[in-house]
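Undergrad: Quick one: the structure is below, and I'll ask about it shortly.
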There are 2 protein chains.
Amino acid sequence: MIVSISALKDHLDQEVTIRGWTTHHRKSGKIQFLNMRDGSGYTQCVIAIQDVGEAIFEKAKTITQESAVAVTGTVSQNPRNQQFELVVKDLELIHIAEPFPVTNKEHGTEFLMDHRHLWFRSKRQWAILRVRHRIVRAIRDFFDSHAYTLIDTPILTPTAAEGTSNLFKVDYFEDTAYLAQTGQLYLEPALAAFGKVYCFGPTFRAEKSKTRRHLTEFWMVEPEIAFAHLEDIMQLSQSFIHYILECVLADCQMEFEVLERDTEPLKKCLQPFIRMSYTEAVEKLRALGSDITWGTDFGGDDETILTQEYEQPILVHRFPKTFKAFYFEPDPDNHEVVLGMDLLAPEGYGEVIGGGERASSVDFLIEQIAKHELNQEHYEWYLDVRRYGSMPHAGFGMGLERAVAWICKLPHVRETIPYPRMLYRLKP
Amino acid sequence: MIVSISALKDHLDQEVTIRGWTTHHRKSGKIQFLNMRDGSGYTQCVIAIQDVGEAIFEKAKTITQESAVAVTGTVSQNPRNQQFELVVKDLELIHIAEPFPVTNKEHGTEFLMDHRHLWFRSKRQWAILRVRHRIVRAIRDFFDSHAYTLIDTPILTPTAAEGTSNLFKVDYFEDTAYLAQTGQLYLEPALAAFGKVYCFGPTFRAEKSKTRRHLTEFWMVEPEIAFAHLEDIMQLSQSFIHYILECVLADCQMEFEVLERDTEPLKKCLQPFIRMSYTEAVEKLRALGSDITWGTDFGGDDETILTQEYEQPILVHRFPKTFKAFYFEPDPDNHEVVLGMDLLAPEGYGEVIGGGERASSVDFLIEQIAKHELNQEHYEWYLDVRRYGSMPHAGFGMGLERAVAWICKLPHVRETIPYPRMLYRLKP
């Protein structure tokens with residue numbers, strides 16, 4: 001019977017076959033230890049000459065790192081470490097690998113990125129991408145179970161949410177298209193049809209940033225809710241992050257061990273989040289030594305400094321309108337600020353969520369479009385949301401890769417996605 | 001208490017508030033009937049002058065189609081049709097809509113597509129996109145519960161799976177990128193790390209086709225399985241489609257009623273699928289009057305003719321290598337054909353799934369790349385799958401929109417996606 005390595009525990013003392021790849025191979029006289037991986041887990045196969053005979057024993061000696069092998073044997077539990085392993089009876093060489101370029105020695109980042117298609121066979125990369133998958137499931141389950149309708153927003157767009165700078169240009173037959181950097185503008189019109197919606201897909205920013213927080217192609221989840229105000233989505237973002245953390249803490253213990261990720265800081269995030277207005281954050285930052293002045297956006301360093309001060313994520317709200325997009329609802333109590341919010345992850349990670357309440361007045365929006373020197377003609381369809389049953393509404397976007405980087409405590413987002421795309425990185 | 005319309009049934013005889021949009025408004029003397037929609041469902045609000053008084057009654061008269069309104073009243077069950085409705089006590093006008101352009105009269109397709117952002121407020125479009133969401137959930141649940149790891153493959157790619165024709169070109173800083181038309185080539189290297197993988201995201205084809213089956217941007221789900229052969233993925237595609245159908249038949253009865261979709265043909269698809277080789281299919285087609293000759297691909301008409309002959313989907317397998325991509329494994333019993341398969345949906349819908357077994361020999365693949373006049377240099381990373389632990393493997397891709405069109409029995413894929421992109425359609 002063919003079983004996965006993760007299922008060996010259910011077949012103690014039974015004869016089974018596993019199929020996978022060799023991670024390590026030790027030979028010592030009349031016994032060989034073959035470490036195997038099949039994607040579901042890792043195990044050790046013990047090949048004793050007395051069990052398999054000389055022919056099979058000699059055949060096993062030819063196995064190289066990353067060779068594909070089918071191994072048949074009896075499942076036993078190693079008395080020393082309690083791991084389930086295979087006492088080999090027979091094996092089939094499916095493919096003997098050429099010398100594998102990614103070895104245990106230190107490789108440079110460029111080398112690893114050039115060999116990304118092989119690099120993610122390493123245990124660490126495997127663990128990260130499994131956590132990523134668990135987070136994706138948690139995200140979808142959260143919205144699906146709270147009566148949101150999935151609205152897949154387009155990638156190919158005729159114009160830009162916030163102007164065409166930082167957008168990738170596409171030849172669209174005789175026309176020009178841009179790759180969407182957000183689905184928000186396309187979600188808002190769906191509110192009047194579905195009430196609560198979300199999108200979750202790849203988004204694109206042609207930013208020339210080379211920081212540990214930037215990819216040119218990344219996945220973003222964006223909920224949008226009719227009749228919601230700033231306070232509603234601040235609460236929503238907290239329960240949303242809580243739910244994701246509960247899922248990974250429950251299901252990814254093994255992956256966190258591989259990553260040597262201390263989960264205590266994540267458990268502390270299950271408490272209520274810190275809240276402060278942008279104005280309070282600026283005061284706090286200046287007290288901490290930053291030279292930020294009121295009216296300018298946080299730099300990456302500011303976010304790092306601020307989030308290292310608290311154990312919980314920080315919800316910063318009410319930003320100056322000066323550096324925020326045209327579609328924000330102004331604060332009725334202070335027209336200098338808009339009802340935006342950012343969620344900053346702790347441990348120095350910074351912004352993972354950005355959102356806010358959207359302007360619901362068509363006249364106000366037309367004014368803002370003019371002020372931002374955008375072409376109103378491109379936004380008529382978007383303005384229609386405010387012409388036919390306008391309502392208060394709010395939403396946010398969470399960058400998946402930043403969330404993965406924080407939760408796995410990675411130094412760079414490039415390890416959070418199977419095939420990262422960056423300023424100088426389009427391959428493999 | 002604010003409740004959703006779908007939850008009214010849980011609040012019989014209670015006073016609740018619903019918030020939503022007006023779909024229809026009838027006034028008759030001392031009573032008004034306000035039909036409302038909030039995204040979760042539809043209901044009727046009964047406004048009697050004796051219940052609300054003259055002021056509120058007069059205010060209600062100003063409500064136009066698509067106005068946003070909060071209505072407070074007592075939930076009652078209409079004795080005539082058993083529907084839950086609201087006997088109104090108070091109402092708040094949130095926004096009085098301008099005259100709504102999409103009315104009950106017949107609109108042309110171009111008009112509706114230009115107003116897509118408003119058109120999907122119609123009950124029919126709402127129902128389709130809810131079925132779409134249910135199918136997406138079923139797809140993800142199927143693979144997640146069968147131990148597949150999600151591998152999000154890149155959209156921005158340096159080269160093409162099958163040559164650069166039909167690809168959208170992107171300015172990537174000083175370089176050129178293409179929008180991916182499949183994730184398959186990126187999934188295969190992940191097999192040796194994860195064993196069973198899938199991707200599910202938007203894909204792009206710059207085809208100048210203007211048929212009822214073509215979008216330039218569409219979602220595709222692609223599983224890929226290590227150590228799998230053609231037979232395995234033929235079985236997999238059957239259980240996969242069965243699962244999707246079970247989910248929609250269980251959960252989308254209301255939507256199918258809105259769409260007037262007879263579900264009997266779908267229930268018949270829960271039986272084993274029809275199987276025939278390409279060669280048998282050609283014979284069958286010629287007997288049915290097609291002039292197809294062995295060695296050429298099916299036309300859309302051929303698929304229509306063939307699928308109307310059977311009540312179950314048809315798995316066509318073993319295609320001539322002449323019109324298939326370079327990466328297919330040849331049939332060991334007949335080198336004129338490759339181990340590919342297509343799944344054709346019944347009722348004339350045709351291909352929704354295409355896949356097959358991938359070549360596992362590096363030498364064979366290098367030969368095929370040369371024969372197809374592709375640049376081997378671009379595929380070295382892909383060839384690496386066969387250098388380091390090569391194994392038999394197979395997978396398929398299902399176009400989401402074609403599956404939605406079939407399941408909802410729609411005349412055109414343009415209604416299956418929130419914002420369709422086609423040859424002459426990039427807006428809204």
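Labels for the structure tokens follow display order: chains A, B, ..., residues from 1 in each chain, ligands from 1.
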Specify as a ChimeraX atom specification all residues of chain B found within 6 Å of chain A, counting only C-alpha atoms.
TA: /B:38-39,66-68,95,97-98,117,121,133,150,169-171,189,193-195,387-390
Undergrad: Which of region 128-159 of chain B counts as strand (DSSP E or B) under DSSP, as an MDAnalysis selection string please?
TA: chainID B and resid 149:150 156:157
Undergrad: Which one is closest to Ile31 (chain A): A:Leu288, A:Ala394, A:Val87, A:Ile5? Count only C-alpha atoms.
TA: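 So, comparing all the options, the nearest one is A:Val87.
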Undergrad: Excluding region 403-411 of chain B and any residue of its chain fewer than 6 positions from it, enumerate the residues within 10 Å of it, using only C-alpha atoms, and give them as a PDB file with N, CA, C and O atoms, in the first residue's frame.
TA:
ATOM      1  N   ALA B 127     -27.423  36.146  -8.650  1.00  0.00           N
ATOM      2  CA  ALA B 127     -27.475  34.685  -8.494  1.00  0.00           C
ATOM      3  C   ALA B 127     -26.262  34.023  -9.141  1.00  0.00           C
ATOM      4  O   ALA B 127     -25.648  33.116  -8.573  1.00  0.00           O
ATOM      5  N   ILE B 128     -25.887  34.474 -10.333  1.00  0.00           N
ATOM      6  CA  ILE B 128     -24.733  33.872 -11.029  1.00  0.00           C
ATOM      7  C   ILE B 128     -23.465  34.029 -10.197  1.00  0.00           C
ATOM      8  O   ILE B 128     -22.703  33.069 -10.002  1.00  0.00           O
ATOM      9  N   LEU B 129     -23.239  35.240  -9.676  1.00  0.00           N
ATOM     10  CA  LEU B 129     -21.982  35.472  -8.956  1.00  0.00           C
ATOM     11  C   LEU B 129     -21.966  34.767  -7.606  1.00  0.00           C
ATOM     12  O   LEU B 129     -20.902  34.443  -7.084  1.00  0.00           O
ATOM     13  N   VAL B 131     -23.344  31.725  -7.276  1.00  0.00           N
ATOM     14  CA  VAL B 131     -22.968  30.358  -7.681  1.00  0.00           C
ATOM     15  C   VAL B 131     -21.471  30.300  -7.941  1.00  0.00           C
ATOM     16  O   VAL B 131     -20.777  29.368  -7.519  1.00  0.00           O
ATOM     17  N   ARG B 132     -20.942  31.332  -8.615  1.00  0.00           N
ATOM     18  CA  ARG B 132     -19.493  31.391  -8.856  1.00  0.00           C
ATOM     19  C   ARG B 132     -18.722  31.263  -7.540  1.00  0.00           C
ATOM     20  O   ARG B 132     -17.787  30.487  -7.425  1.00  0.00           O
ATOM     21  N   HIS B 133     -19.155  32.033  -6.550  1.00  0.00           N
ATOM     22  CA  HIS B 133     -18.472  31.989  -5.249  1.00  0.00           C
ATOM     23  C   HIS B 133     -18.558  30.592  -4.641  1.00  0.00           C
ATOM     24  O   HIS B 133     -17.575  30.069  -4.107  1.00  0.00           O
ATOM     25  N   ARG B 134     -19.725  29.969  -4.744  1.00  0.00           N
ATOM     26  CA  ARG B 134     -19.873  28.620  -4.169  1.00  0.00           C
ATOM     27  C   ARG B 134     -18.964  27.619  -4.880  1.00  0.00           C
ATOM     28  O   ARG B 134     -18.393  26.719  -4.254  1.00  0.00           O
ATOM     29  N   ILE B 135     -18.809  27.790  -6.192  1.00  0.00           N
ATOM     30  CA  ILE B 135     -17.916  26.906  -6.953  1.00  0.00           C
ATOM     31  C   ILE B 135     -16.464  27.128  -6.524  1.00  0.00           C
ATOM     32  O   ILE B 135     -15.708  26.180  -6.328  1.00  0.00           O
ATOM     33  N   VAL B 136     -16.081  28.385  -6.359  1.00  0.00           N
ATOM     34  CA  VAL B 136     -14.711  28.692  -5.909  1.00  0.00           C
ATOM     35  C   VAL B 136     -14.439  28.033  -4.562  1.00  0.00           C
ATOM     36  O   VAL B 136     -13.390  27.417  -4.349  1.00  0.00           O
ATOM     37  N   ARG B 212     -18.528  32.803 -27.445  1.00  0.00           N
ATOM     38  CA  ARG B 212     -19.203  32.773 -26.151  1.00  0.00           C
ATOM     39  C   ARG B 212     -18.359  32.073 -25.092  1.00  0.00           C
ATOM     40  O   ARG B 212     -18.735  32.008 -23.940  1.00  0.00           O
ATOM     41  N   ARG B 213     -17.216  31.507 -25.489  1.00  0.00           N
ATOM     42  CA  ARG B 213     -16.366  30.766 -24.566  1.00  0.00           C
ATOM     43  C   ARG B 213     -15.075  31.489 -24.196  1.00  0.00           C
ATOM     44  O   ARG B 213     -14.239  30.917 -23.508  1.00  0.00           O
ATOM     45  N   ILE B 241     -15.208  17.208 -10.259  1.00  0.00           N
ATOM     46  CA  ILE B 241     -16.464  17.758 -10.800  1.00  0.00           C
ATOM     47  C   ILE B 241     -17.658  17.250  -9.980  1.00  0.00           C
ATOM     48  O   ILE B 241     -18.584  18.013  -9.669  1.00  0.00           O
ATOM     49  N   ILE B 244     -17.896  19.404  -6.872  1.00  0.00           N
ATOM     50  CA  ILE B 244     -18.423  20.750  -7.157  1.00  0.00           C
ATOM     51  C   ILE B 244     -19.937  20.688  -7.352  1.00  0.00           C
ATOM     52  O   ILE B 244     -20.687  21.508  -6.796  1.00  0.00           O
ATOM     53  N   LEU B 245     -20.385  19.709  -8.123  1.00  0.00           N
ATOM     54  CA  LEU B 245     -21.823  19.594  -8.392  1.00  0.00           C
ATOM     55  C   LEU B 245     -22.604  19.296  -7.116  1.00  0.00           C
ATOM     56  O   LEU B 245     -23.682  19.861  -6.892  1.00  0.00           O
ATOM     57  N   VAL B 248     -22.966  22.688  -5.221  1.00  0.00           N
ATOM     58  CA  VAL B 248     -23.930  23.655  -5.758  1.00  0.00           C
ATOM     59  C   VAL B 248     -25.351  23.111  -5.698  1.00  0.00           C
ATOM     60  O   VAL B 248     -26.292  23.864  -5.435  1.00  0.00           O
ATOM     61  N   LEU B 249     -25.513  21.807  -5.912  1.00  0.00           N
ATOM     62  CA  LEU B 249     -26.866  21.239  -5.821  1.00  0.00           C
ATOM     63  C   LEU B 249     -27.394  21.340  -4.392  1.00  0.00           C
ATOM     64  O   LEU B 249     -28.585  21.571  -4.183  1.00  0.00           O
ATOM     65  N   GLU B 255     -30.558  30.079  -6.073  1.00  0.00           N
ATOM     66  CA  GLU B 255     -29.936  30.735  -7.224  1.00  0.00           C
ATOM     67  C   GLU B 255     -30.364  30.061  -8.537  1.00  0.00           C
ATOM     68  O   GLU B 255     -30.657  30.743  -9.528  1.00  0.00           O
ATOM     69  N   PHE B 256     -30.423  28.725  -8.536  1.00  0.00           N
ATOM     70  CA  PHE B 256     -30.827  28.026  -9.758  1.00  0.00           C
ATOM     71  C   PHE B 256     -32.276  28.363 -10.117  1.00  0.00           C
ATOM     72  O   PHE B 256     -32.629  28.442 -11.287  1.00  0.00           O
ATOM     73  N   LEU B 259     -32.297  31.627 -11.819  1.00  0.00           N
ATOM     74  CA  LEU B 259     -31.750  31.479 -13.175  1.00  0.00           C
ATOM     75  C   LEU B 259     -32.607  30.577 -14.053  1.00  0.00           C
ATOM     76  O   LEU B 259     -32.314  30.399 -15.232  1.00  0.00           O
ATOM     77  N   GLU B 260     -33.660  30.000 -13.457  1.00  0.00           N
ATOM     78  CA  GLU B 260     -34.489  29.021 -14.169  1.00  0.00           C
ATOM     79  C   GLU B 260     -33.625  27.912 -14.756  1.00  0.00           C
ATOM     80  O   GLU B 260     -33.832  27.456 -15.885  1.00  0.00           O
ATOM     81  N   ARG B 261     -32.652  27.484 -13.987  1.00  0.00           N
ATOM     82  CA  ARG B 261     -31.727  26.423 -14.386  1.00  0.00           C
ATOM     83  C   ARG B 261     -32.311  25.096 -13.900  1.00  0.00           C
ATOM     84  O   ARG B 261     -32.369  24.848 -12.692  1.00  0.00           O
ATOM     85  N   ASP B 262     -32.749  24.259 -14.850  1.00  0.00           N
ATOM     86  CA  ASP B 262     -33.201  22.910 -14.514  1.00  0.00           C
ATOM     87  C   ASP B 262     -31.987  22.133 -14.019  1.00  0.00           C
ATOM     88  O   ASP B 262     -30.993  22.002 -14.735  1.00  0.00           O
ATOM     89  N   THR B 263     -32.059  21.606 -12.790  1.00  0.00           N
ATOM     90  CA  THR B 263     -30.877  20.947 -12.230  1.00  0.00           C
ATOM     91  C   THR B 263     -30.835  19.447 -12.523  1.00  0.00           C
ATOM     92  O   THR B 263     -29.862  18.792 -12.176  1.00  0.00           O
ATOM     93  N   PRO B 265     -30.265  17.863 -15.391  1.00  0.00           N
ATOM     94  CA  PRO B 265     -29.054  17.496 -16.153  1.00  0.00           C
ATOM     95  C   PRO B 265     -27.794  17.497 -15.279  1.00  0.00           C
ATOM     96  O   PRO B 265     -26.894  16.686 -15.508  1.00  0.00           O
ATOM     97  N   LEU B 266     -27.718  18.383 -14.284  1.00  0.00           N
ATOM     98  CA  LEU B 266     -26.549  18.398 -13.400  1.00  0.00           C
ATOM     99  C   LEU B 266     -26.519  17.140 -12.529  1.00  0.00           C
ATOM    100  O   LEU B 266     -25.462  16.560 -12.296  1.00  0.00           O
ATOM    101  N   ALA B 345     -17.909  19.343 -21.066  1.00  0.00           N
ATOM    102  CA  ALA B 345     -19.152  19.432 -20.299  1.00  0.00           C
ATOM    103  C   ALA B 345     -20.340  19.213 -21.225  1.00  0.00           C
ATOM    104  O   ALA B 345     -20.297  19.585 -22.405  1.00  0.00           O
ATOM    105  N   PRO B 346     -21.414  18.612 -20.680  1.00  0.00           N
ATOM    106  CA  PRO B 346     -22.568  18.292 -21.540  1.00  0.00           C
ATOM    107  C   PRO B 346     -23.403  19.525 -21.891  1.00  0.00           C
ATOM    108  O   PRO B 346     -23.004  20.645 -21.604  1.00  0.00           O
ATOM    109  N   GLU B 347     -24.535  19.272 -22.525  1.00  0.00           N
ATOM    110  CA  GLU B 347     -25.481  20.330 -22.929  1.00  0.00           C
ATOM    111  C   GLU B 347     -24.825  21.306 -23.911  1.00  0.00           C
ATOM    112  O   GLU B 347     -25.159  22.492 -23.933  1.00  0.00           O
ATOM    113  N   GLY B 348     -23.841  20.800 -24.649  1.00  0.00           N
ATOM    114  CA  GLY B 348     -23.216  21.634 -25.679  1.00  0.00           C
ATOM    115  C   GLY B 348     -22.089  22.517 -25.195  1.00  0.00           C
ATOM    116  O   GLY B 348     -21.525  23.285 -25.978  1.00  0.00           O
ATOM    117  N   TYR B 349     -21.722  22.435 -23.913  1.00  0.00           N
ATOM    118  CA  TYR B 349     -20.739  23.394 -23.375  1.00  0.00           C
ATOM    119  C   TYR B 349     -19.299  23.105 -23.779  1.00  0.00           C
ATOM    120  O   TYR B 349     -18.511  24.014 -23.980  1.00  0.00           O
ATOM    121  N   GLY B 350     -18.942  21.829 -23.869  1.00  0.00           N
ATOM    122  CA  GLY B 350     -17.591  21.519 -24.345  1.00  0.00           C
ATOM    123  C   GLY B 350     -16.518  21.683 -23.290  1.00  0.00           C
ATOM    124  O   GLY B 350     -16.794  21.665 -22.085  1.00  0.00           O
ATOM    125  N   GLU B 351     -15.285  21.901 -23.743  1.00  0.00           N
ATOM    126  CA  GLU B 351     -14.112  21.812 -22.873  1.00  0.00           C
ATOM    127  C   GLU B 351     -14.171  22.729 -21.649  1.00  0.00           C
ATOM    128  O   GLU B 351     -14.306  23.937 -21.760  1.00  0.00           O
ATOM    129  N   VAL B 352     -14.051  22.123 -20.470  1.00  0.00           N
ATOM    130  CA  VAL B 352     -13.872  22.908 -19.241  1.00  0.00           C
ATOM    131  C   VAL B 352     -12.560  22.538 -18.552  1.00  0.00           C
ATOM    132  O   VAL B 352     -12.036  23.313 -17.768  1.00  0.00           O
ATOM    133  N   ILE B 353     -12.044  21.353 -18.853  1.00  0.00           N
ATOM    134  CA  ILE B 353     -10.788  20.901 -18.259  1.00  0.00           C
ATOM    135  C   ILE B 353      -9.881  20.379 -19.372  1.00  0.00           C
ATOM    136  O   ILE B 353     -10.345  19.719 -20.296  1.00  0.00           O
ATOM    137  N   ILE B 417     -18.302  36.424 -14.566  1.00  0.00           N
ATOM    138  CA  ILE B 417     -17.218  37.093 -13.856  1.00  0.00           C
ATOM    139  C   ILE B 417     -17.653  38.530 -13.590  1.00  0.00           C
ATOM    140  O   ILE B 417     -18.356  39.128 -14.410  1.00  0.00           O
TER     141      ILE B 417
END
Undergrad: Hey, can you check how far CA of Gln235 (chain B) sits from CA of Cys269 (chain B)?
TA: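 Calculated distance between CA of Gln235 (chain B) and CA of Cys269 (chain B) is 14.1 Å.
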